[in-house]
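Text of input_34.pdb, listed as PDB, C-alpha atoms:
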```
ATOM      1  CA  MET A   1     -20.420  -6.078  16.970
ATOM      2  CA  ILE A   2     -17.794  -6.294  14.261
ATOM      3  CA  PRO A   3     -16.070  -9.685  13.945
ATOM      4  CA  ILE A   4     -12.267  -9.888  14.061
ATOM      5  CA  LEU A   5     -10.847 -13.264  13.051
ATOM      6  CA  LEU A   6      -7.257 -13.883  14.091
ATOM      7  CA  GLY A   7      -4.991 -16.883  13.782
ATOM      8  CA  PRO A   8      -1.356 -17.838  13.284
ATOM      9  CA  THR A   9       0.149 -18.170   9.841
ATOM     10  CA  ALA A  10      -1.071 -21.211   7.848
ATOM     11  CA  VAL A  11      -3.848 -22.000  10.341
ATOM     12  CA  GLY A  12      -6.449 -21.918   7.538
ATOM     13  CA  LYS A  13      -8.098 -18.493   7.685
ATOM     14  CA  THR A  14      -8.591 -18.043   3.935
ATOM     15  CA  SER A  15     -10.227 -21.409   3.278
ATOM     16  CA  LEU A  16     -12.535 -20.972   6.263
ATOM     17  CA  LEU A  17     -13.601 -17.521   5.088
ATOM     18  CA  LEU A  18     -14.244 -18.769   1.550
ATOM     19  CA  ASP A  19     -16.497 -21.435   3.058
ATOM     20  CA  LEU A  20     -18.229 -18.829   5.208
ATOM     21  CA  ALA A  21     -18.822 -16.644   2.127
ATOM     22  CA  GLN A  22     -21.171 -19.358   0.844
ATOM     23  CA  ARG A  23     -23.279 -18.837   3.964
ATOM     24  CA  LEU A  24     -23.140 -15.119   4.725
ATOM     25  CA  PRO A  25     -22.832 -11.832   2.741
ATOM     26  CA  ILE A  26     -19.331 -10.996   3.999
ATOM     27  CA  GLU A  27     -16.377  -8.945   2.831
ATOM     28  CA  ILE A  28     -12.908  -9.160   4.370
ATOM     29  CA  VAL A  29     -10.754  -6.346   5.687
ATOM     30  CA  SER A  30      -7.211  -7.706   5.792
ATOM     31  CA  VAL A  31      -5.387  -7.460   9.121
ATOM     32  CA  ASP A  32      -2.035  -8.349   7.601
ATOM     33  CA  SER A  33       0.985  -6.048   7.595
ATOM     34  CA  ARG A  34       2.550  -7.787   4.561
ATOM     35  CA  GLN A  35      -0.347  -8.324   2.196
ATOM     36  CA  ILE A  36      -0.596  -4.540   1.836
ATOM     37  CA  TYR A  37       2.359  -4.691  -0.589
ATOM     38  CA  ARG A  38       2.013  -5.017  -4.344
ATOM     39  CA  PHE A  39       4.121  -7.596  -6.228
ATOM     40  CA  MET A  40       4.437  -9.775  -3.097
ATOM     41  CA  ASN A  41       1.762 -12.376  -3.722
ATOM     42  CA  ILE A  42       3.286 -15.803  -3.226
ATOM     43  CA  GLY A  43       5.438 -15.153  -0.175
ATOM     44  CA  THR A  44       2.668 -13.389   1.751
ATOM     45  CA  ALA A  45       0.120 -16.134   0.971
ATOM     46  CA  LYS A  46      -2.131 -13.457  -0.476
ATOM     47  CA  PRO A  47      -5.591 -14.603  -1.586
ATOM     48  CA  THR A  48      -5.474 -15.375  -5.308
ATOM     49  CA  GLU A  49      -7.346 -13.345  -7.908
ATOM     50  CA  SER A  50      -9.946 -16.103  -8.200
ATOM     51  CA  GLU A  51     -10.393 -16.194  -4.409
ATOM     52  CA  GLN A  52     -10.747 -12.420  -4.292
ATOM     53  CA  ALA A  53     -13.321 -12.629  -7.079
ATOM     54  CA  VAL A  54     -15.406 -14.900  -4.863
ATOM     55  CA  LEU A  55     -14.772 -12.956  -1.656
ATOM     56  CA  LYS A  56     -13.800  -9.280  -1.774
ATOM     57  CA  HIS A  57     -10.763  -8.343   0.311
ATOM     58  CA  TRP A  58      -9.874  -4.813   1.389
ATOM     59  CA  LEU A  59      -6.403  -3.393   2.244
ATOM     60  CA  ILE A  60      -4.541  -5.749  -0.074
ATOM     61  CA  ASP A  61      -2.130  -4.323  -2.686
ATOM     62  CA  ILE A  62      -2.401  -0.762  -1.394
ATOM     63  CA  ARG A  63       1.313   0.113  -1.165
ATOM     64  CA  ASP A  64       4.484  -0.490  -3.166
ATOM     65  CA  PRO A  65       7.228  -2.291  -1.235
ATOM     66  CA  ASP A  66       9.237   0.919  -0.783
ATOM     67  CA  GLU A  67       6.318   2.961   0.575
ATOM     68  CA  ASP A  68       5.785   3.627   4.262
ATOM     69  CA  PHE A  69       2.714   2.387   6.090
ATOM     70  CA  ASP A  70       1.970   2.530   9.808
ATOM     71  CA  VAL A  71      -0.654   1.399  12.285
ATOM     72  CA  MET A  72      -2.423   4.757  12.270
ATOM     73  CA  GLU A  73      -2.938   4.527   8.512
ATOM     74  CA  PHE A  74      -4.093   0.956   8.893
ATOM     75  CA  ARG A  75      -6.638   1.842  11.562
ATOM     76  CA  ASN A  76      -8.087   4.732   9.553
ATOM     77  CA  LEU A  77      -8.335   2.704   6.338
ATOM     78  CA  ALA A  78      -9.754  -0.330   8.123
ATOM     79  CA  LEU A  79     -12.512   1.682   9.777
ATOM     80  CA  GLU A  80     -13.317   3.393   6.461
ATOM     81  CA  SER A  81     -13.576  -0.037   4.825
ATOM     82  CA  VAL A  82     -15.857  -1.323   7.575
ATOM     83  CA  ALA A  83     -18.137   1.703   7.120
ATOM     84  CA  ASP A  84     -18.334   1.143   3.351
ATOM     85  CA  ILE A  85     -19.128  -2.564   3.710
ATOM     86  CA  THR A  86     -21.745  -1.964   6.386
ATOM     87  CA  ALA A  87     -23.417   0.817   4.383
ATOM     88  CA  ARG A  88     -24.041  -1.694   1.573
ATOM     89  CA  GLY A  89     -25.761  -4.131   3.913
ATOM     90  CA  LYS A  90     -22.905  -6.613   4.101
ATOM     91  CA  ILE A  91     -20.978  -7.966   7.069
ATOM     92  CA  PRO A  92     -17.361  -6.821   7.464
ATOM     93  CA  ILE A  93     -14.922  -9.334   8.905
ATOM     94  CA  LEU A  94     -11.474  -8.125   9.891
ATOM     95  CA  ALA A  95      -9.184 -11.098   9.393
ATOM     96  CA  GLY A  96      -5.471 -11.782   9.570
ATOM     97  CA  GLY A  97      -2.564 -12.499  11.838
ATOM     98  CA  THR A  98      -0.920  -9.162  12.637
ATOM     99  CA  GLY A  99      -1.605  -8.767  16.333
ATOM    100  CA  LEU A 100      -0.505  -5.137  16.503
ATOM    101  CA  TYR A 101      -3.049  -4.163  13.844
ATOM    102  CA  ALA A 102      -5.827  -5.940  15.725
ATOM    103  CA  GLU A 103      -4.724  -4.242  18.923
ATOM    104  CA  VAL A 104      -5.040  -0.709  17.526
ATOM    105  CA  LEU A 105      -8.490  -1.545  16.191
ATOM    106  CA  MET A 106      -9.756  -2.817  19.527
ATOM    107  CA  LYS A 107      -7.988  -0.365  21.807
ATOM    108  CA  GLY A 108      -7.124   2.638  19.666
ATOM    109  CA  LEU A 109      -3.761   4.350  19.515
ATOM    110  CA  VAL A 110      -1.521   5.143  22.460
ATOM    111  CA  ASP A 111      -0.724   8.785  23.168
ATOM    112  CA  VAL A 112       3.049   8.586  22.763
ATOM    113  CA  PRO A 113       5.750  11.020  21.590
ATOM    114  CA  PRO A 114       6.116  11.520  17.818
ATOM    115  CA  ARG A 115       9.153  10.416  15.842
ATOM    116  CA  ASP A 116      12.401  11.918  17.039
ATOM    117  CA  GLU A 117      14.945  11.782  14.235
ATOM    118  CA  THR A 118      17.837  12.561  16.573
ATOM    119  CA  VAL A 119      17.010   9.568  18.759
ATOM    120  CA  ARG A 120      16.469   7.361  15.731
ATOM    121  CA  GLU A 121      19.795   8.319  14.172
ATOM    122  CA  ALA A 122      21.551   7.568  17.458
ATOM    123  CA  LEU A 123      19.890   4.153  17.669
ATOM    124  CA  LEU A 124      20.790   3.362  14.061
ATOM    125  CA  GLN A 125      24.379   4.359  14.780
ATOM    126  CA  ILE A 126      24.477   1.947  17.730
ATOM    127  CA  GLU A 127      23.099  -0.839  15.533
ATOM    128  CA  SER A 128      25.555  -0.120  12.713
ATOM    129  CA  GLU A 129      28.487  -0.377  15.124
ATOM    130  CA  ASN A 130      27.260  -3.599  16.701
ATOM    131  CA  LYS A 131      24.622  -5.514  14.745
ATOM    132  CA  GLY A 132      21.973  -6.990  17.009
ATOM    133  CA  SER A 133      22.676  -4.632  19.893
ATOM    134  CA  LEU A 134      19.271  -2.947  19.723
ATOM    135  CA  ARG A 135      17.568  -6.329  20.123
ATOM    136  CA  LYS A 136      19.585  -6.907  23.288
ATOM    137  CA  ILE A 137      18.601  -3.487  24.635
ATOM    138  CA  LEU A 138      14.945  -4.126  23.775
ATOM    139  CA  GLU A 139      15.048  -7.406  25.691
ATOM    140  CA  ARG A 140      16.157  -5.526  28.798
ATOM    141  CA  VAL A 141      13.740  -2.599  28.622
ATOM    142  CA  ASP A 142      10.630  -4.178  27.034
ATOM    143  CA  LYS A 143      10.693  -7.968  27.261
ATOM    144  CA  ASN A 144       7.135  -8.291  25.920
ATOM    145  CA  ALA A 145       8.025  -6.413  22.737
ATOM    146  CA  PHE A 146      11.222  -8.446  22.380
ATOM    147  CA  GLU A 147       9.233 -11.694  22.413
ATOM    148  CA  ARG A 148       6.664 -10.454  19.901
ATOM    149  CA  PHE A 149       8.905  -9.102  17.156
ATOM    150  CA  HIS A 150      10.960 -10.966  14.600
ATOM    151  CA  GLU A 151      14.679 -10.529  15.155
ATOM    152  CA  ASN A 152      14.963  -8.657  11.829
ATOM    153  CA  ASP A 153      12.170  -6.184  12.617
ATOM    154  CA  LEU A 154      14.456  -3.196  13.092
ATOM    155  CA  LYS A 155      11.713  -0.677  12.324
ATOM    156  CA  ARG A 156       9.522  -1.591  15.298
ATOM    157  CA  THR A 157      12.522  -2.229  17.542
ATOM    158  CA  ILE A 158      13.643   1.354  16.982
ATOM    159  CA  ARG A 159      10.140   2.721  17.587
ATOM    160  CA  TYR A 160       9.722   0.857  20.872
ATOM    161  CA  LEU A 161      13.169   1.920  22.082
ATOM    162  CA  GLU A 162      12.442   5.486  20.987
ATOM    163  CA  VAL A 163       9.269   5.580  23.098
ATOM    164  CA  PHE A 164      11.085   4.094  26.089
ATOM    165  CA  LEU A 165      13.857   6.675  25.848
ATOM    166  CA  LYS A 166      11.333   9.523  25.551
ATOM    167  CA  THR A 167       8.920   8.384  28.279
ATOM    168  CA  GLY A 168      10.902   6.075  30.531
ATOM    169  CA  ARG A 169       8.202   3.425  30.159
ATOM    170  CA  PRO A 170       7.855   0.387  27.851
ATOM    171  CA  LEU A 171       5.422   0.945  25.002
ATOM    172  CA  THR A 172       3.775  -2.422  25.660
ATOM    173  CA  GLU A 173       3.012  -1.229  29.198
ATOM    174  CA  LEU A 174       1.405   1.933  27.846
ATOM    175  CA  GLN A 175      -0.592  -0.112  25.342
ATOM    176  CA  ASN A 176      -1.994  -2.342  28.077
ATOM    177  CA  GLU A 177      -3.490   0.674  29.837
ATOM    178  CA  ARG A 178      -5.992   1.271  27.054
ATOM    179  CA  ASP A 179      -9.582   0.196  27.443
ATOM    180  CA  HIS A 180     -10.885  -2.605  25.240
ATOM    181  CA  ASN A 181     -13.383  -1.432  22.611
ATOM    182  CA  ARG A 182     -16.547  -3.500  23.007
ATOM    183  CA  GLU A 183     -17.513  -2.759  19.401
ATOM    184  CA  PHE A 184     -15.532  -5.781  18.252
ATOM    185  CA  PHE A 185     -16.141  -9.509  18.615
ATOM    186  CA  LEU A 186     -12.924 -11.491  18.625
ATOM    187  CA  VAL A 187     -12.511 -15.026  17.265
ATOM    188  CA  ILE A 188      -9.181 -16.847  17.370
ATOM    189  CA  LEU A 189      -8.424 -19.885  15.221
ATOM    190  CA  GLU A 190      -6.202 -22.584  16.679
ATOM    191  CA  ARG A 191      -4.683 -25.902  15.648
ATOM    192  CA  ASP A 192      -2.672 -28.668  17.227
ATOM    193  CA  ARG A 193       0.977 -27.570  17.067
ATOM    194  CA  SER A 194       2.236 -30.549  15.071
ATOM    195  CA  GLU A 195      -0.605 -30.111  12.588
ATOM    196  CA  LEU A 196       0.141 -26.395  12.263
ATOM    197  CA  HIS A 197       3.814 -27.126  11.635
ATOM    198  CA  ALA A 198       2.879 -29.649   8.949
ATOM    199  CA  ARG A 199       0.643 -27.066   7.269
ATOM    200  CA  ILE A 200       3.438 -24.488   7.399
ATOM    201  CA  GLU A 201       5.793 -26.912   5.673
ATOM    202  CA  SER A 202       3.220 -27.925   3.075
ATOM    203  CA  ARG A 203       2.412 -24.314   2.267
ATOM    204  CA  LEU A 204       6.087 -23.416   1.944
ATOM    205  CA  HIS A 205       6.690 -26.191  -0.587
ATOM    206  CA  GLU A 206       3.672 -24.943  -2.519
ATOM    207  CA  MET A 207       5.156 -21.428  -2.490
ATOM    208  CA  ILE A 208       8.419 -22.796  -3.863
ATOM    209  CA  ARG A 209       6.558 -24.622  -6.657
ATOM    210  CA  ALA A 210       4.512 -21.501  -7.391
ATOM    211  CA  GLY A 211       7.661 -19.462  -7.993
ATOM    212  CA  LEU A 212       8.736 -17.737  -4.766
ATOM    213  CA  ALA A 213      12.314 -17.513  -6.057
ATOM    214  CA  ASP A 214      11.178 -15.870  -9.305
ATOM    215  CA  GLU A 215       8.934 -13.476  -7.395
ATOM    216  CA  THR A 216      11.876 -12.477  -5.185
ATOM    217  CA  GLU A 217      14.114 -11.973  -8.220
ATOM    218  CA  SER A 218      11.397  -9.869  -9.847
ATOM    219  CA  LEU A 219      11.203  -7.613  -6.796
ATOM    220  CA  LEU A 220      14.963  -7.147  -6.820
ATOM    221  CA  SER A 221      14.957  -6.387 -10.553
ATOM    222  CA  LYS A 222      12.317  -3.681  -9.940
ATOM    223  CA  GLY A 223      14.798  -1.969  -7.633
ATOM    224  CA  TYR A 224      13.308  -3.053  -4.322
ATOM    225  CA  GLY A 225      16.347  -3.860  -2.210
ATOM    226  CA  PRO A 226      16.644  -6.190   0.775
ATOM    227  CA  GLU A 227      17.134  -3.167   3.063
ATOM    228  CA  LEU A 228      13.421  -2.323   2.765
ATOM    229  CA  ASN A 229      11.059  -3.205   5.600
ATOM    230  CA  ALA A 230       8.886  -5.117   3.127
ATOM    231  CA  PHE A 231      11.850  -7.393   2.397
ATOM    232  CA  LYS A 232      12.106  -8.334   6.078
ATOM    233  CA  THR A 233       9.078 -10.548   5.429
ATOM    234  CA  ILE A 234       9.832 -14.186   6.181
ATOM    235  CA  GLY A 235      10.358 -16.024   2.907
ATOM    236  CA  TYR A 236      11.728 -13.108   0.934
ATOM    237  CA  ALA A 237      14.536 -12.286   3.362
ATOM    238  CA  GLU A 238      15.837 -15.854   3.139
ATOM    239  CA  MET A 239      15.148 -16.238  -0.574
ATOM    240  CA  VAL A 240      17.384 -13.254  -1.374
ATOM    241  CA  GLN A 241      20.272 -15.311  -0.061
ATOM    242  CA  TYR A 242      19.312 -18.094  -2.472
ATOM    243  CA  VAL A 243      18.801 -16.056  -5.630
ATOM    244  CA  ARG A 244      21.709 -13.644  -5.126
ATOM    245  CA  CYS A 245      24.202 -15.142  -2.652
ATOM    246  CA  GLY A 246      24.465 -18.821  -3.545
ATOM    247  CA  VAL A 247      22.823 -20.320  -0.467
ATOM    248  CA  SER A 248      21.409 -23.739  -1.374
ATOM    249  CA  LEU A 249      17.675 -24.189  -1.825
ATOM    250  CA  SER A 250      17.522 -26.865   0.878
ATOM    251  CA  ASP A 251      19.207 -24.557   3.409
ATOM    252  CA  THR A 252      16.915 -21.709   2.350
ATOM    253  CA  ILE A 253      13.817 -23.842   2.856
ATOM    254  CA  GLU A 254      15.020 -24.944   6.278
ATOM    255  CA  ARG A 255      15.666 -21.346   7.357
ATOM    256  CA  ILE A 256      12.218 -20.260   6.175
ATOM    257  CA  LEU A 257      10.606 -23.155   8.051
ATOM    258  CA  VAL A 258      12.419 -22.357  11.289
ATOM    259  CA  ASN A 259      11.610 -18.644  11.071
ATOM    260  CA  THR A 260       7.964 -19.267  10.160
ATOM    261  CA  ARG A 261       7.484 -21.643  13.098
ATOM    262  CA  ARG A 262       9.008 -19.067  15.409
ATOM    263  CA  TYR A 263       6.726 -16.406  13.975
ATOM    264  CA  ALA A 264       3.669 -18.621  14.484
ATOM    265  CA  ARG A 265       4.740 -19.160  18.090
ATOM    266  CA  ARG A 266       4.969 -15.395  18.649
ATOM    267  CA  GLN A 267       1.521 -14.936  17.144
ATOM    268  CA  ILE A 268       0.049 -17.621  19.395
ATOM    269  CA  MET A 269       1.653 -16.008  22.447
ATOM    270  CA  TRP A 270       0.197 -12.642  21.442
ATOM    271  CA  PHE A 271      -3.294 -14.089  20.995
ATOM    272  CA  ARG A 272      -3.225 -15.662  24.454
ATOM    273  CA  ARG A 273      -3.796 -12.243  25.984
ATOM    274  CA  TYR A 274      -7.375 -12.206  24.682
ATOM    275  CA  SER A 275      -9.120 -14.267  27.329
ATOM    276  CA  GLU A 276     -12.551 -13.021  26.214
ATOM    277  CA  ALA A 277     -12.187 -14.339  22.647
ATOM    278  CA  LEU A 278     -14.132 -17.207  21.149
ATOM    279  CA  ARG A 279     -11.589 -19.881  20.239
ATOM    280  CA  ILE A 280     -12.199 -22.347  17.419
ATOM    281  CA  ASP A 281      -9.965 -25.424  17.317
ATOM    282  CA  LEU A 282      -9.700 -26.330  13.648
ATOM    283  CA  SER A 283      -7.962 -29.599  14.469
ATOM    284  CA  SER A 284     -11.122 -30.931  16.076
ATOM    285  CA  LEU A 285     -13.803 -28.847  14.329
ATOM    286  CA  GLU A 286     -12.472 -28.730  10.751
ATOM    287  CA  GLY A 287     -15.706 -29.737   9.034
ATOM    288  CA  GLU A 288     -17.927 -27.746  11.397
ATOM    289  CA  ALA A 289     -15.791 -24.636  11.828
ATOM    290  CA  ALA A 290     -17.661 -22.525   9.248
ATOM    291  CA  ARG A 291     -20.994 -23.353  10.859
ATOM    292  CA  VAL A 292     -19.670 -22.500  14.336
ATOM    293  CA  LEU A 293     -18.261 -19.217  13.067
ATOM    294  CA  GLU A 294     -21.475 -18.419  11.184
ATOM    295  CA  ASN A 295     -23.578 -18.927  14.296
ATOM    296  CA  ALA A 296     -21.219 -16.817  16.385
ATOM    297  CA  ILE A 297     -21.276 -13.933  13.909
ATOM    298  CA  LEU A 298     -25.043 -13.989  13.552
ATOM    299  CA  SER A 299     -25.422 -13.903  17.330
ATOM    300  CA  VAL A 300     -23.483 -10.635  17.675
ATOM    301  CA  TRP A 301     -23.831  -8.813  14.356
ATOM    302  CA  GLY A 302     -26.141  -5.822  14.475
ATOM    303  CA  GLY A 303     -25.447  -4.385  11.043
ATOM    304  CA  LYS A 304     -26.634  -1.078   9.672
ATOM    305  CA  ASN A 305     -30.142  -1.259  11.087
ATOM    306  CA  GLY A 306     -29.449  -3.085  14.361
TER     307      GLY A 306
END
```
Using the file provided, produce a representation of the structure as structure tokens.
Amino acid sequence: MIPILLGPTAVGKTSLLLDLAQRLPIEIVSVDSRQIYRFMNIGTAKPTESEQAVLKHWLIDIRDPDEDFDVMEFRNLALESVADITARGKIPILAGGTGLYAEVLMKGLVDVPPRDETVREALLQIESENKGSLRKILERVDKNAFERFHENDLKRTIRYLEVFLKTGRPLTELQNERDHNREFFLVILERDRSELHARIESRLHEMIRAGLADETESLLSKGYGPELNAFKTIGYAEMVQYVRCGVSLSDTIERILVNTRRYARRQIMWFRRYSEALRIDLSSLEGEAARVLENAILSVWGGKNG
């Protein structure tokens, strides 16, 4: 079985995997919808060059911020990466926090209507006339999707409304009808909420010290505007208001903290659906977590030769 390691933002996935790399011959396939973008290193908490030198990561820095990328592409590339890693006698671990990416790996893709530009243009027109209206519609027709997505995630909001308008059924309902792929072994990392919030705050201050504002300014100077989906990433969306619109740094930090905590809450709610997963509480098992994870992986990993 192929391990998938999921956890909310700032839970400690990278440090745990670096520890595990001292024990097992692993390579990581990123399950992160933001770390795919080049030039967005600090705000996405991307593994550093030195960390990637110790532990190889796949599906990082594979698109420019203005390039499209969807779940189908992710699934195909992820499975290709897993095949490459396995063929070289190593253990692939899919790791990240993007629940939708994990879902398409474990359950495949839903047979839904393709893009309909007429519907999309109509939805965009509604949103342009009354900002936030599509979110309100989504809450009525697909409450589960409404709770999962960030309020600025217009791209997925439009897709889920598009499917509802074409089929008459919520996309989350259609997704739940898929069978779970038993090829994967799911592990979910958890922490005490107050501890997770403290880690989120600590990491944000480290991002600020590392130059998140400069990184945001650099993206803007390259011509990547805040209208791009990549710029909807928490941290960059708020930092644009600081570097270009005069919002104070303290207010910017507070907005990022609030939005990141909300995002972590949505991730945790998403992960609750996986009742069959092994759950590792890092608040109580911090020093032993790598050993627990190592034992779990070795108990299910078959590898190339079984």
Please list as JSON, numbers by chain every residue within 12 Å of range 119-131 of chain A, counting only C-alpha atoms and excluding residues in the same chain fewer than 2 positions away. {"A": [113, 114, 115, 116, 117, 133, 134, 135, 136, 137, 138, 151, 152, 154, 155, 156, 157, 158, 159, 160, 161, 162, 163, 164, 165, 166]}
Quick one: apply the PyMOL selection byres ((chain A and resi 30) around 6) to the file and drop the selected residues here as number ranges by chain. A: 29, 31-32, 58-59, 94-96
So how far away is CA of Glu215 in chain A from CA of Arg244 in chain A, in Å?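 CA of Glu215 in chain A lies 13.0 Å from CA of Arg244 in chain A.
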Apply the PyMOL selection byres ((chain A and resi 208) around 12) to the structure shown and report the selected residues as a VMD selection string. chain A and resid 42 to 43 45 201 to 207 209 to 216 235 to 236 239 242 249 to 250 252 to 253 256
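For the residues A:Ser221, A:Gly89, A:Ala237, A:Leu278, ranking by smallest atom-to-atom distance to Ile4 in chain A using all atoms listed in the file places A:Leu278 first.
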Picked residues, the PyMOL selection byres ((chain A and resi 51-55) around 9), expected as a list in words: Thr14, Leu17, Leu18, Ala21, Ile26, Glu27, Ile28, Pro47, Thr48, Glu49, Ser50, Lys56 and His57 of chain A
Between CA of Arg191 in chain A and CA of Phe74 in chain A, distance in Å (one decimal):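 Taking CA of Arg191 in chain A and CA of Phe74 in chain A, their separation equals 27.7 Å.
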Would you please work out which residue, of A:Ala290, A:Leu257, A:Leu20, A:Val112, is nearest to Ala198 in chain A when using all atoms listed in the file? A:Leu257
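Every protein or nucleic acid residue with an atom no more than 8 Å from Asp66 in chain A, counting only C-alpha atoms and leaving out same-chain residues fewer than 5 positions away, appears here: Tyr224, Leu228, Asn229 and Ala230 of chain A.
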Could you write out that same residue set with C-alpha atoms as a PDB file, in the coordinates of the input?
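Below you can see part-v4.pdb, which holds the result:
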```pdb
ATOM      1  CA  TYR A 224      13.308  -3.053  -4.322  1.00  0.00           C
ATOM      2  CA  LEU A 228      13.421  -2.323   2.765  1.00  0.00           C
ATOM      3  CA  ASN A 229      11.059  -3.205   5.600  1.00  0.00           C
ATOM      4  CA  ALA A 230       8.886  -5.117   3.127  1.00  0.00           C
TER       5      ALA A 230
END
```
Leaving out Gly99 in chain A and any residue of its chain fewer than 3 positions from it, which residues lie within 8 Å of it when counting only C-alpha atoms, given as a list in words?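 The filter keeps Leu6, Ala102, Glu103, Gln267, Trp270 and Phe271 of chain A.
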Around all of range 160-177 of chain A's listed atoms, make the axis-aligned box with 5 Å on each side and tell me centre and edge lengths in Å to one decimal, as JSON.
```
{"center_x": 5.2, "center_y": 3.6, "center_z": 25.7, "size_x": 27.3, "size_y": 21.9, "size_z": 19.7}
```
Top pick for closest residue to Gln35 in chain A, considering A:Gly97, A:Gly12, A:Gly287, A:Gly246 and counting all atoms listed in the file: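 Selected residue with least distance to Gln35 in chain A: A:Gly97.
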Can you work out the spacing between CA of Glu195 in chain A and CA of Arg34 in chain A in Å, to one decimal?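 Separation of CA of Glu195 in chain A and CA of Arg34 in chain A: 23.9 Å.
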